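Novice: Pasting in a structure now, in structure tokens, and then I'll have a few things to ask.
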Amino acid sequence: MPETAPVIEARNLTRSFGGFVAVNNVDIKISAGTIHALIGPNGAGKSTLFNLLTKFLSPSSGQIFFKNRDITRMAPADIARLGLVRSFQISSVFPHLSAHENVRVSLQARERETFSFWKSDRCLKRFNDEASALLDSVGLADKARSKASELSYGRKRALELATTLALQPEVLLLDEPMAGMGTEDIGRTAALIRRVGEGRTVLMVEHNLGVVADLSDRITVLRRGEVIAEGSYVEVSSNSEVRKAYMGGAHA
Ligand SMILES: Nc1ncnc2c1ncn2[C@@H]1O[C@H](COP(=O)(O)OP(=O)(O)O)[C@@H](O)[C@H]1O
Ligand SMILES: [Mg+2]
């Protein structure tokens, strides 16, 4: 795949907790239109880097750019408005609303500028249809009326993805989208990520190396807060440093 302009770029990104350096001088570029995975053994700094790139954590030093614009000091809400949307955590899915209502809330949030319009019947119907279509696309058509709190873990993650997609993000940021899912949900979610990744940029942290191999255009491997390899799955999986980092079954 030819290299395209970076959508997200970090330079010399470092984050310490007390004296401990969790992310150490990381340079990374996420190219437009690619599915880019962050992998590495437990404690490698994947979530910390992800949280830095999505502005849920502030860096100790370094810079982050979104389409060449320095966003290092921007608030997460302002960044979401630029089109960089992080998958919601399950805790932000409204437990007492149905799956369908949850997706509708996101659709309405996307169009909150046109507040008066979406109160009209015609518009509510449009949201209803769009919410149904989104639920269908994540395999939740038959759970539309179920309360979010009553869904299984895997289905909650699928609902979370649907509410994120409702915002039509240009860049989709997923921290372990398959965590806690069974084989069937994993297959379906992988197919969904591939589909929604068309015409979008996706950055994901993922433990399941089969999924990573299958989906990713590019992979960055972290170990002890540092990038030790980057490339296609074939490239990084044949890298001796990567093999060493993963030895002893330290996949998790
Ligand atoms: N808020 C925090 N306070 C202190 N240490 C942290 C914090 N967050 C992460 N760490 C440490 O930073 C290292 C990297 O953590 P993390 O980014 O969660 O790794 P990964 O997601 O790759 O498993 C770990 O050693 C972890 O204990
Ligand atoms: Mg993590």
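If you're wondering about the labels, chains in the structure tokens are A, B, ... by order shown, residues count from 1 in each chain, ligands from 1 in order shown.
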List all protein, DNA and RNA residues that have an atom no more than 7 Å from any atom of ligand 1, counting only C-alpha atoms and all ligand atoms, and report them as a list in words.

Specialist: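 Selection of residues at most 7 Å from ligand 1: Phe17, Ala22, Gly40, Pro41, Asn42, Gly43, Ala44, Gly45, Lys46, Ser47, Thr48, Leu49 and Gly225 of chain A.
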
Novice: Enumerate as number ranges by chain all residues of segment 25-210 of chain A assigned to strand (DSSP E) by DSSP on the backbone, naming them with the chain letters and numbers the document uses.

Specialist: A: 25-31, 35-39, 61-66, 69-70, 84-86, 171-175, 201-205

Novice: Once you have the residues from the selection above, write them out as a CSV table (one decimal), in the first residue's frame, restricted to N, CA, C and O atoms.

Specialist:
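This went into selection.csv:
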```csv
chain,number,residue,atom,x,y,z
A,25,ASN,N,9.5,8.3,24.2
A,25,ASN,CA,10.1,8.9,23.0
A,25,ASN,C,9.6,8.2,21.7
A,25,ASN,O,10.3,7.9,20.8
A,26,VAL,N,8.3,8.1,21.6
A,26,VAL,CA,7.7,7.4,20.5
A,26,VAL,C,7.4,8.3,19.3
A,26,VAL,O,6.8,9.4,19.5
A,27,ASP,N,7.8,7.9,18.2
A,27,ASP,CA,7.4,8.5,16.9
A,27,ASP,C,6.5,7.6,16.2
A,27,ASP,O,6.8,6.4,16.1
A,28,ILE,N,5.3,8.1,15.8
A,28,ILE,CA,4.4,7.2,15.1
A,28,ILE,C,3.6,8.0,14.1
A,28,ILE,O,3.3,9.2,14.4
A,29,LYS,N,3.3,7.4,12.9
A,29,LYS,CA,2.4,8.1,11.9
A,29,LYS,C,1.3,7.1,11.6
A,29,LYS,O,1.6,5.9,11.2
A,30,ILE,N,0.1,7.6,11.6
A,30,ILE,CA,-1.0,6.8,11.2
A,30,ILE,C,-1.5,7.3,9.8
A,30,ILE,O,-2.0,8.5,9.8
A,31,SER,N,-1.3,6.5,8.8
A,31,SER,CA,-1.6,7.0,7.4
A,31,SER,C,-3.1,7.0,7.1
A,31,SER,O,-3.8,6.1,7.6
A,35,ILE,N,-5.8,0.7,8.3
A,35,ILE,CA,-6.1,0.1,9.6
A,35,ILE,C,-4.8,-0.1,10.2
A,35,ILE,O,-4.0,-0.9,9.7
A,36,HIS,N,-4.5,0.5,11.3
A,36,HIS,CA,-3.2,0.5,12.0
A,36,HIS,C,-3.4,-0.1,13.4
A,36,HIS,O,-4.2,0.4,14.1
A,37,ALA,N,-2.6,-1.1,13.7
A,37,ALA,CA,-2.8,-1.8,15.0
A,37,ALA,C,-1.5,-1.5,15.8
A,37,ALA,O,-0.4,-1.4,15.4
A,38,LEU,N,-1.8,-1.3,17.1
A,38,LEU,CA,-0.8,-1.2,18.1
A,38,LEU,C,-0.8,-2.5,18.9
A,38,LEU,O,-1.8,-2.9,19.5
A,39,ILE,N,0.4,-3.2,18.9
A,39,ILE,CA,0.5,-4.5,19.6
A,39,ILE,C,1.7,-4.4,20.5
A,39,ILE,O,2.5,-3.5,20.5
A,61,SER,N,6.1,14.9,27.5
A,61,SER,CA,6.7,15.7,26.5
A,61,SER,C,6.4,15.1,25.1
A,61,SER,O,5.9,14.0,25.0
A,62,GLY,N,6.7,15.9,24.1
A,62,GLY,CA,6.4,15.5,22.8
A,62,GLY,C,5.2,16.2,22.2
A,62,GLY,O,4.6,17.0,22.9
A,63,GLN,N,4.9,15.9,20.9
A,63,GLN,CA,3.9,16.5,20.2
A,63,GLN,C,3.0,15.6,19.5
A,63,GLN,O,3.4,14.5,19.0
A,64,ILE,N,1.7,16.0,19.3
A,64,ILE,CA,0.7,15.2,18.6
A,64,ILE,C,0.1,16.1,17.5
A,64,ILE,O,-0.3,17.2,17.8
A,65,PHE,N,0.0,15.5,16.3
A,65,PHE,CA,-0.6,16.3,15.2
A,65,PHE,C,-1.7,15.5,14.6
A,65,PHE,O,-1.7,14.3,14.5
A,66,PHE,N,-2.8,16.2,14.3
A,66,PHE,CA,-3.9,15.7,13.6
A,66,PHE,C,-4.0,16.4,12.3
A,66,PHE,O,-4.3,17.6,12.3
A,69,ARG,N,-2.0,19.5,12.2
A,69,ARG,CA,-2.3,20.5,13.1
A,69,ARG,C,-1.9,20.1,14.5
A,69,ARG,O,-2.2,18.9,14.9
A,70,ASP,N,-1.2,20.9,15.2
A,70,ASP,CA,-0.7,20.5,16.5
A,70,ASP,C,-1.9,20.5,17.5
A,70,ASP,O,-2.5,21.5,17.8
A,84,LEU,N,-12.0,13.1,15.1
A,84,LEU,CA,-11.2,12.1,15.7
A,84,LEU,C,-12.1,11.5,16.8
A,84,LEU,O,-12.1,12.1,17.9
A,85,VAL,N,-12.7,10.4,16.6
A,85,VAL,CA,-13.7,9.9,17.6
A,85,VAL,C,-13.2,8.6,18.2
A,85,VAL,O,-13.0,7.6,17.5
A,86,ARG,N,-13.1,8.6,19.5
A,86,ARG,CA,-12.7,7.4,20.2
A,86,ARG,C,-13.9,6.6,20.6
A,86,ARG,O,-14.9,7.1,20.9
A,171,VAL,N,-11.8,9.2,11.8
A,171,VAL,CA,-10.8,8.3,12.4
A,171,VAL,C,-11.5,7.6,13.5
A,171,VAL,O,-12.1,8.2,14.4
A,172,LEU,N,-11.4,6.3,13.4
A,172,LEU,CA,-12.0,5.4,14.5
A,172,LEU,C,-10.9,4.9,15.3
A,172,LEU,O,-9.9,4.3,14.9
A,173,LEU,N,-11.0,5.1,16.6
A,173,LEU,CA,-10.0,4.7,17.6
A,173,LEU,C,-10.6,3.6,18.5
A,173,LEU,O,-11.5,3.9,19.2
A,174,LEU,N,-10.0,2.4,18.5
A,174,LEU,CA,-10.6,1.3,19.2
A,174,LEU,C,-9.5,0.7,20.1
A,174,LEU,O,-8.5,0.2,19.6
A,175,ASP,N,-9.8,0.7,21.4
A,175,ASP,CA,-8.9,0.0,22.3
A,175,ASP,C,-9.5,-1.4,22.6
A,175,ASP,O,-10.5,-1.5,23.3
A,201,THR,N,-9.9,6.0,8.6
A,201,THR,CA,-8.6,5.6,9.2
A,201,THR,C,-9.0,4.9,10.6
A,201,THR,O,-9.8,5.4,11.3
A,202,VAL,N,-8.4,3.8,10.8
A,202,VAL,CA,-8.7,3.1,12.1
A,202,VAL,C,-7.4,2.8,12.8
A,202,VAL,O,-6.4,2.3,12.3
A,203,LEU,N,-7.4,3.2,14.1
A,203,LEU,CA,-6.3,2.9,15.0
A,203,LEU,C,-6.8,2.0,16.1
A,203,LEU,O,-7.8,2.4,16.7
A,204,MET,N,-6.2,0.8,16.2
A,204,MET,CA,-6.8,-0.1,17.2
A,204,MET,C,-5.6,-0.7,18.0
A,204,MET,O,-4.6,-1.1,17.5
A,205,VAL,N,-5.9,-0.9,19.3
A,205,VAL,CA,-5.1,-1.7,20.2
A,205,VAL,C,-5.8,-3.1,20.2
A,205,VAL,O,-7.0,-3.1,20.4
```

Novice: Suppose you want the space between atom CA of Asp142 of chain A and atom CA of His100 of chain A; what is it in Å?

Specialist: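 Value for the atom CA of Asp142 of chain A-atom CA of His100 of chain A distance: 10.3 Å.
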
Novice: My list of candidates is A:Ala133, A:Leu209, A:Ala75, A:Val23. Which is closest to Ile186 of chain A when distances are computed with only C-alpha atoms?

Specialist: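 Of A:Ala133, A:Leu209, A:Ala75, A:Val23, the one nearest Ile186 of chain A is A:Leu209, counting only C-alpha atoms.
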
Novice: Could you pull out the helix (DSSP H, G or I) residues of segment 89-232 of chain A from DSSP and send them as a PyMOL selection string?

Specialist: chain A and resi 90-92+99-110+112-118+121-137+141-143+148-150+153-165+183-197+209-215

Novice: Give me the residues within 10 Å of Arg155 of chain A as a list in words, counting only C-alpha atoms and dropping any in the same chain fewer than 5 places off.

Specialist: Ala99, Val138, Gly139, Leu140, Lys143, Ala148, Glu150, Glu160, Leu161, Met181 and Asp185 of chain A

Novice: Using all heavy atoms, can you write the selected residues to a file as a tab-separated table (two decimals), in the first residue's frame?

Specialist:
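Saved result, selection_13.tsv, follows:
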```tsv
chain	number	residue	atom	x	y	z
A	99	ALA	N	-31.03	-0.90	23.09
A	99	ALA	CA	-29.93	-0.81	22.12
A	99	ALA	C	-30.29	0.23	21.05
A	99	ALA	O	-29.47	1.08	20.69
A	99	ALA	CB	-29.69	-2.18	21.49
A	138	VAL	N	-24.07	-4.31	13.02
A	138	VAL	CA	-23.21	-4.90	14.05
A	138	VAL	C	-23.82	-6.20	14.61
A	138	VAL	O	-23.39	-6.71	15.64
A	138	VAL	CB	-22.92	-3.92	15.22
A	138	VAL	CG1	-22.18	-2.68	14.73
A	138	VAL	CG2	-24.18	-3.52	15.98
A	139	GLY	N	-24.82	-6.71	13.92
A	139	GLY	CA	-25.40	-7.99	14.31
A	139	GLY	C	-26.33	-7.92	15.50
A	139	GLY	O	-26.53	-8.90	16.21
A	140	LEU	N	-26.91	-6.75	15.74
A	140	LEU	CA	-27.79	-6.59	16.91
A	140	LEU	C	-29.25	-6.35	16.52
A	140	LEU	O	-30.03	-5.88	17.35
A	140	LEU	CB	-27.30	-5.43	17.79
A	140	LEU	CG	-26.02	-5.64	18.59
A	140	LEU	CD1	-25.66	-4.39	19.38
A	140	LEU	CD2	-26.15	-6.82	19.55
A	143	LYS	N	-31.73	-7.52	18.86
A	143	LYS	CA	-31.61	-7.02	20.23
A	143	LYS	C	-32.04	-5.56	20.34
A	143	LYS	O	-31.81	-4.91	21.37
A	143	LYS	CB	-30.16	-7.14	20.73
A	143	LYS	CG	-29.62	-8.55	20.73
A	143	LYS	CD	-30.25	-9.36	21.84
A	143	LYS	CE	-29.79	-10.80	21.74
A	143	LYS	NZ	-30.61	-11.71	22.52
A	148	ALA	N	-29.68	-2.06	27.19
A	148	ALA	CA	-28.24	-2.24	27.07
A	148	ALA	C	-27.70	-3.07	28.23
A	148	ALA	O	-26.83	-3.93	28.05
A	148	ALA	CB	-27.55	-0.89	27.01
A	150	GLU	N	-28.90	-5.46	29.69
A	150	GLU	CA	-29.23	-6.88	29.63
A	150	GLU	C	-28.46	-7.62	28.54
A	150	GLU	O	-28.62	-8.82	28.36
A	150	GLU	CB	-30.74	-7.06	29.40
A	150	GLU	CG	-31.54	-6.70	30.64
A	150	GLU	CD	-33.00	-6.36	30.34
A	150	GLU	OE1	-33.43	-6.50	29.18
A	150	GLU	OE2	-33.68	-5.94	31.29
A	160	GLU	N	-21.52	-0.59	21.53
A	160	GLU	CA	-20.58	0.52	21.68
A	160	GLU	C	-20.04	0.94	20.29
A	160	GLU	O	-19.93	2.13	19.99
A	160	GLU	CB	-19.46	0.01	22.59
A	160	GLU	CG	-18.36	0.94	22.92
A	160	GLU	CD	-17.22	0.15	23.59
A	160	GLU	OE1	-17.50	-0.74	24.41
A	160	GLU	OE2	-16.07	0.42	23.25
A	161	LEU	N	-19.74	-0.07	19.48
A	161	LEU	CA	-19.24	0.21	18.14
A	161	LEU	C	-20.32	0.91	17.29
A	161	LEU	O	-20.04	1.86	16.56
A	161	LEU	CB	-18.79	-1.11	17.49
A	161	LEU	CG	-17.86	-1.05	16.31
A	161	LEU	CD1	-16.63	-0.18	16.58
A	161	LEU	CD2	-17.41	-2.47	15.95
A	181	MET	N	-14.78	-11.06	23.92
A	181	MET	CA	-15.73	-11.63	22.96
A	181	MET	C	-15.43	-13.10	22.69
A	181	MET	O	-14.29	-13.53	22.69
A	181	MET	CB	-15.64	-10.89	21.62
A	181	MET	CG	-16.25	-9.51	21.64
A	181	MET	SD	-16.29	-8.84	19.97
A	181	MET	CE	-16.99	-7.23	20.32
A	185	ASP	N	-18.46	-13.69	17.88
A	185	ASP	CA	-18.49	-12.23	17.94
A	185	ASP	C	-17.22	-11.64	17.33
A	185	ASP	O	-17.26	-10.61	16.68
A	185	ASP	CB	-18.60	-11.75	19.39
A	185	ASP	CG	-20.02	-11.89	19.93
A	185	ASP	OD1	-20.95	-11.97	19.10
A	185	ASP	OD2	-20.18	-11.92	21.15
```

Novice: For ligand 2, which residue out of A:Arg104, A:Lys156, A:Arg194, A:His207 is the nearest one, using only C-alpha atoms and all ligand atoms?

Specialist: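 That would be A:His207, the residue with the smallest distance to ligand 2.
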
Novice: Applying 7 Å and only C-alpha atoms, which residues near Ala245 of chain A remain after dropping the ones on its own chain fewer than 3 positions away? List them as an mmCIF file with N, CA, C and O atoms, in the first residue's frame.

Specialist:
```cif
data_model
loop_
_atom_site.group_PDB
_atom_site.id
_atom_site.type_symbol
_atom_site.label_atom_id
_atom_site.label_comp_id
_atom_site.auth_asym_id
_atom_site.auth_seq_id
_atom_site.Cartn_x
_atom_site.Cartn_y
_atom_site.Cartn_z
ATOM 1 N N PRO A 41 3.552 -6.835 24.226
ATOM 2 C CA PRO A 41 3.237 -7.590 25.435
ATOM 3 C C PRO A 41 2.552 -6.717 26.486
ATOM 4 O O PRO A 41 2.562 -5.489 26.394
ATOM 5 N N ARG A 223 7.363 -2.268 23.099
ATOM 6 C CA ARG A 223 7.861 -3.040 24.240
ATOM 7 C C ARG A 223 8.493 -2.063 25.204
ATOM 8 O O ARG A 223 9.312 -1.236 24.804
ATOM 9 N N GLU A 241 13.401 -9.057 17.188
ATOM 10 C CA GLU A 241 13.072 -8.342 18.435
ATOM 11 C C GLU A 241 11.623 -8.623 18.853
ATOM 12 O O GLU A 241 11.316 -8.791 20.029
ATOM 13 N N VAL A 242 10.745 -8.634 17.849
ATOM 14 C CA VAL A 242 9.329 -8.879 18.125
ATOM 15 C C VAL A 242 9.144 -10.303 18.642
ATOM 16 O O VAL A 242 8.446 -10.538 19.618
#
```

Novice: Set the distance at 10 Å and use only C-alpha atoms: which residues neighbour Val105 of chain A once local chain neighbours fewer than 6 positions away are removed? I'd like the list as a count of residues only.

Specialist: 7

Novice: From the list A:Glu170, A:Glu101, A:Glu130, A:Glu176, which residue is nearest Arg145 of chain A when using only C-alpha atoms?

Specialist: A:Glu101

Novice: Find the residue from A:Leu124, A:Leu222, A:Ala5, A:Ala144 that sits nearest to ligand 2; use only C-alpha atoms and all ligand atoms when measuring.

Specialist: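 Answer, going by the shortest atom-to-atom distance: A:Leu222.
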
Novice: For ligand 2, which residue among A:Met178, A:Tyr153, A:Gly83, A:Glu206 is the nearest when counting only C-alpha atoms and all ligand atoms?

Specialist: A:Glu206

Novice: So what do you get for atom CA of Gly33 of chain A versus atom CA of Pro169 of chain A, distance-wise?

Specialist: 12.3 Å
